[in-house]
>>> print(open('start-v6.cif').read())   # mmCIF, C-alpha atoms
data_structure
#
loop_
_atom_site.group_PDB
_atom_site.id
_atom_site.type_symbol
_atom_site.label_atom_id
_atom_site.label_comp_id
_atom_site.auth_asym_id
_atom_site.auth_seq_id
_atom_site.Cartn_x
_atom_site.Cartn_y
_atom_site.Cartn_z
ATOM 1 C CA MET A 1 -12.397 2.538 9.077
ATOM 2 C CA ALA A 2 -8.696 1.664 8.930
ATOM 3 C CA PHE A 3 -7.256 -1.082 11.065
ATOM 4 C CA GLN A 4 -3.966 0.704 11.550
ATOM 5 C CA LEU A 5 -1.603 -1.105 13.889
ATOM 6 C CA GLU A 6 -0.335 0.453 17.090
ATOM 7 C CA ASN A 7 2.988 -1.424 17.047
ATOM 8 C CA GLN A 8 4.770 -1.519 13.708
ATOM 9 C CA ARG A 9 6.023 -4.812 12.313
ATOM 10 C CA LYS A 10 9.594 -4.481 11.070
ATOM 11 C CA LEU A 11 10.614 -7.782 9.427
ATOM 12 C CA GLN A 12 10.022 -8.267 5.738
ATOM 13 C CA ASP A 13 10.683 -10.862 3.045
ATOM 14 C CA ALA A 14 11.611 -9.771 -0.501
ATOM 15 C CA ALA A 15 8.951 -12.126 -1.881
ATOM 16 C CA PHE A 16 6.277 -9.960 -0.250
ATOM 17 C CA VAL A 17 7.400 -6.517 -1.474
ATOM 18 C CA ALA A 18 6.019 -4.709 -4.525
ATOM 19 C CA SER A 19 6.789 -1.219 -5.850
ATOM 20 C CA ALA A 20 5.680 1.076 -8.651
ATOM 21 C CA THR A 21 6.920 4.392 -10.004
ATOM 22 C CA LEU A 22 4.340 7.132 -9.565
ATOM 23 C CA PRO A 23 2.937 8.525 -12.836
ATOM 24 C CA ALA A 24 3.755 11.967 -14.163
ATOM 25 C CA THR A 25 0.224 12.706 -15.337
ATOM 26 C CA ASN A 26 -2.655 13.963 -13.247
ATOM 27 C CA ASN A 27 -5.862 11.995 -12.797
ATOM 28 C CA SER A 28 -4.155 8.668 -13.389
ATOM 29 C CA ASN A 29 -3.546 5.482 -11.442
ATOM 30 C CA VAL A 30 -0.644 3.086 -11.074
ATOM 31 C CA THR A 31 -0.584 -0.334 -9.442
ATOM 32 C CA THR A 32 2.273 -2.216 -7.847
ATOM 33 C CA THR A 33 3.161 -5.679 -8.992
ATOM 34 C CA PRO A 34 0.961 -8.059 -6.997
ATOM 35 C CA PHE A 35 2.368 -10.634 -4.616
ATOM 36 C CA SER A 36 0.812 -13.892 -3.547
ATOM 37 C CA LEU A 37 0.177 -14.828 0.042
ATOM 38 C CA ASN A 38 0.976 -18.387 -1.135
ATOM 39 C CA GLY A 39 -2.209 -19.772 0.377
ATOM 40 C CA GLN A 40 -1.114 -18.728 3.851
ATOM 41 C CA SER A 41 -3.600 -17.296 6.293
ATOM 42 C CA TYR A 42 -1.612 -14.159 7.103
ATOM 43 C CA ALA A 43 -4.806 -12.193 7.557
ATOM 44 C CA THR A 44 -5.889 -14.167 10.609
ATOM 45 C CA SER A 45 -2.821 -13.355 12.692
ATOM 46 C CA GLU A 46 -2.071 -10.143 14.534
ATOM 47 C CA HIS A 47 1.612 -10.783 13.771
ATOM 48 C CA PHE A 48 1.301 -9.745 10.118
ATOM 49 C CA ALA A 49 0.647 -6.352 8.568
ATOM 50 C CA VAL A 50 0.593 -4.755 5.150
ATOM 51 C CA GLN A 51 2.751 -1.622 4.936
ATOM 52 C CA VAL A 52 2.508 1.288 2.495
ATOM 53 C CA ASP A 53 5.594 3.468 1.927
ATOM 54 C CA VAL A 54 5.569 6.553 -0.298
ATOM 55 C CA ASP A 55 8.835 8.309 -1.147
ATOM 56 C CA PRO A 56 9.257 11.935 -0.022
ATOM 57 C CA LEU A 57 7.274 14.115 -2.430
ATOM 58 C CA ALA A 58 9.277 17.327 -2.462
ATOM 59 C CA ASN A 59 7.873 18.337 -5.880
ATOM 60 C CA PHE A 60 4.231 17.541 -5.147
ATOM 61 C CA GLY A 61 3.059 21.097 -5.740
ATOM 62 C CA THR A 62 0.429 23.139 -3.961
ATOM 63 C CA ALA A 63 -2.722 21.252 -4.926
ATOM 64 C CA GLY A 64 -4.002 17.755 -5.520
ATOM 65 C CA ALA A 65 -3.955 14.400 -3.796
ATOM 66 C CA LEU A 66 -2.159 11.081 -3.847
ATOM 67 C CA THR A 67 -4.266 8.251 -2.423
ATOM 68 C CA VAL A 68 -2.923 4.722 -1.945
ATOM 69 C CA VAL A 69 -5.269 1.803 -1.290
ATOM 70 C CA ILE A 70 -4.574 -1.888 -0.798
ATOM 71 C CA GLN A 71 -6.372 -4.243 -3.155
ATOM 72 C CA ASP A 72 -6.838 -7.999 -3.134
ATOM 73 C CA SER A 73 -7.804 -10.669 -5.651
ATOM 74 C CA ALA A 74 -8.694 -14.346 -5.615
ATOM 75 C CA ASP A 75 -7.407 -14.988 -9.157
ATOM 76 C CA ASN A 76 -4.666 -12.348 -9.718
ATOM 77 C CA VAL A 77 -6.843 -10.827 -12.460
ATOM 78 C CA THR A 78 -9.786 -8.999 -10.897
ATOM 79 C CA TYR A 79 -8.826 -6.718 -7.991
ATOM 80 C CA ALA A 80 -10.950 -4.789 -5.505
ATOM 81 C CA ASN A 81 -10.102 -2.314 -2.753
ATOM 82 C CA ILE A 82 -9.916 -3.744 0.758
ATOM 83 C CA THR A 83 -12.263 -1.064 2.064
ATOM 84 C CA GLU A 84 -11.730 -2.022 5.720
ATOM 85 C CA LEU A 85 -8.164 -0.716 5.483
ATOM 86 C CA GLY A 86 -9.015 2.798 4.400
ATOM 87 C CA SER A 87 -6.234 4.612 2.547
ATOM 88 C CA THR A 88 -2.961 6.465 2.821
ATOM 89 C CA MET A 89 -3.421 10.058 1.643
ATOM 90 C CA ILE A 90 -0.896 12.776 0.837
ATOM 91 C CA ASN A 91 -1.924 16.255 -0.295
ATOM 92 C CA ALA A 92 1.165 18.389 0.267
ATOM 93 C CA ASN A 93 4.923 18.391 -0.226
ATOM 94 C CA THR A 94 6.702 15.932 2.078
ATOM 95 C CA THR A 95 10.345 15.680 3.109
ATOM 96 C CA THR A 96 10.225 12.193 4.645
ATOM 97 C CA VAL A 97 8.856 8.799 3.649
ATOM 98 C CA THR A 98 5.141 8.458 4.419
ATOM 99 C CA THR A 99 4.503 5.083 6.078
ATOM 100 C CA ASP A 100 1.285 3.405 7.205
ATOM 101 C CA GLN A 101 0.752 -0.153 8.425
ATOM 102 C CA TYR A 102 -2.563 -1.987 8.482
ATOM 103 C CA LYS A 103 -3.717 -5.371 9.723
ATOM 104 C CA LEU A 104 -5.166 -7.446 6.899
ATOM 105 C CA PRO A 105 -8.786 -8.394 7.562
ATOM 106 C CA PRO A 106 -9.692 -12.106 7.753
ATOM 107 C CA THR A 107 -11.446 -11.758 4.393
ATOM 108 C CA ALA A 108 -8.247 -10.799 2.513
ATOM 109 C CA ARG A 109 -7.845 -12.879 -0.630
ATOM 110 C CA ALA A 110 -4.752 -14.628 -2.042
ATOM 111 C CA TYR A 111 -3.150 -11.750 -3.992
ATOM 112 C CA ILE A 112 -2.290 -8.275 -2.688
ATOM 113 C CA ARG A 113 -1.236 -5.088 -4.502
ATOM 114 C CA GLY A 114 -1.260 -1.341 -4.022
ATOM 115 C CA LEU A 115 -3.098 1.201 -6.164
ATOM 116 C CA ALA A 116 -1.915 4.819 -6.182
ATOM 117 C CA ALA A 117 -4.384 7.385 -7.544
ATOM 118 C CA ILE A 118 -3.122 10.810 -8.574
ATOM 119 C CA SER A 119 -5.514 13.761 -8.893
ATOM 120 C CA GLY A 120 -4.994 17.463 -9.429
ATOM 121 C CA ILE A 121 -1.257 17.578 -8.691
ATOM 122 C CA ASN A 122 0.481 20.630 -10.122
ATOM 123 C CA GLY A 123 3.993 19.348 -9.420
ATOM 124 C CA ASN A 124 6.033 16.413 -10.697
ATOM 125 C CA ILE A 125 6.267 13.203 -8.658
ATOM 126 C CA ALA A 126 7.307 10.879 -11.501
ATOM 127 C CA ALA A 127 10.708 10.226 -9.887
ATOM 128 C CA ASN A 128 9.040 8.780 -6.760
ATOM 129 C CA ASN A 129 7.825 5.319 -5.799
ATOM 130 C CA VAL A 130 5.077 3.686 -3.791
ATOM 131 C CA THR A 131 5.876 0.364 -2.098
ATOM 132 C CA VAL A 132 3.550 -2.195 -0.536
ATOM 133 C CA SER A 133 4.985 -4.952 1.641
ATOM 134 C CA LEU A 134 3.901 -7.652 4.030
ATOM 135 C CA ARG A 135 5.525 -7.176 7.434
ATOM 136 C CA PHE A 136 6.104 -9.735 10.172
#
>>> encode(input="start-v6.cif", output="structure tokens")
Amino acid sequence: MAFQLENQRKLQDAAFVASATLPATNNSNVTTTPFSLNGQSYATSEHFAVQVDVDPLANFGTAGALTVVIQDSADNVTYANITELGSTMINANTTTVTTDQYKLPPTARAYIRGLAAISGINGNIAANNVTVSLRF
């Protein structure tokens, strides 16, 4: 179950923002560059959130799915989905940025990144980005 926040956090720091260009091929994944929480305990405070932004997908097509999950790592090498956060899903053309914010669980590890999984899309979203950021 997602821990989506009721009140969005709006402040951000460039050190805690990571983006990736979405792939052109179906059934493929792309990850954002990871960022470090610098040993801070952001996950234990209700004043911090992780935000997912996906560009408008006007050329998504009529089928398929784009799923974005947040992953964490203790060593910046081996990553796993933070299953408590759920995912951001898009399965149709969009004309606005898709945005979700989630509270990091207390178990979140030192490094955070986003993983975007593309499946069955019959359009072209290669000119679009996914961004993951820590919000204050």
>>> resolve_selection(input="start-v6.cif", expression="the PyMOL selection byres ((chain A and resi 32) around 12)", output="NGL selection string")
:A and (16-23 or 29-31 or 33-35 or 52-53 or 68-72 or 79 or 111-117 or 129-133)
>>> closest_residue(input="start-v6.cif", among="A:Leu104, A:Ile118, A:Ala24, A:Ala126", to="Phe48 in chain A", atoms="all atoms listed in the file")
A:Leu104
>>> atom_distance(input="start-v6.cif", atom1="CA of Leu57 in chain A", atom2="CA of Phe136 in chain A")
27.0 Å
>>> atom_distance(input="start-v6.cif", atom1="CA of Thr67 in chain A", atom2="CA of Ser119 in chain A")
8.6 Å
>>> resolve_selection(input="start-v6.cif", expression="the PyMOL selection byres ((chain A and resi 83) around 9)", output="list in words")
Met1, Ala2, Val69, Ile70, Gln71, Ala80, Asn81, Ile82, Glu84, Leu85, Gly86 and Ser87 of chain A
>>> residues_near_point(input="start-v6.cif", point="(2.6, -6.5, 4.3)", cutoff="6 Å", atoms="all atoms listed in the file", output="ChimeraX atom specification")
/A:49-51,133-135
>>> residues_around(input="start-v6.cif", residues="Gly123 in chain A", least_positions_apart="3", cutoff="10 Å", atoms="all atoms listed in the file", output="compact mmCIF listing (two decimals) with C-alpha atoms, in the coordinates of the input")
# COMPACT_ATOMS: atom_id res chain seq x y z
CA ALA A 24 3.76 11.97 -14.16
CA THR A 25 0.22 12.71 -15.34
CA ASN A 26 -2.66 13.96 -13.25
CA LEU A 57 7.27 14.12 -2.43
CA ALA A 58 9.28 17.33 -2.46
CA ASN A 59 7.87 18.34 -5.88
CA PHE A 60 4.23 17.54 -5.15
CA GLY A 61 3.06 21.10 -5.74
CA THR A 62 0.43 23.14 -3.96
CA ALA A 63 -2.72 21.25 -4.93
CA GLY A 64 -4.00 17.76 -5.52
CA ASN A 93 4.92 18.39 -0.23
CA GLY A 120 -4.99 17.46 -9.43
CA ALA A 126 7.31 10.88 -11.50
>>> atom_distance(input="start-v6.cif", atom1="CA of Leu37 in chain A", atom2="CA of Ala74 in chain A")
10.5 Å
>>> resolve_selection(input="start-v6.cif", expression="the PyMOL selection byres ((chain A and resi 91) around 7)", output="ChimeraX atom specification")
/A:63-66,89-90,92
>>> axis_aligned_box(input="start-v6.cif", around="range 125-136 of chain A", padding_each_side="3 Å", output="AutoDock Vina command-line options")
--center_x 7.1 --center_y 1.7 --center_z -0.7 --size_x 13.2 --size_y 28.9 --size_z 27.7
>>> closest_residue(input="start-v6.cif", among="A:Ala14, A:Ala127, A:Ala110, A:Ile121", to="Asp75 in chain A", atoms="all atoms listed in the file")
A:Ala110
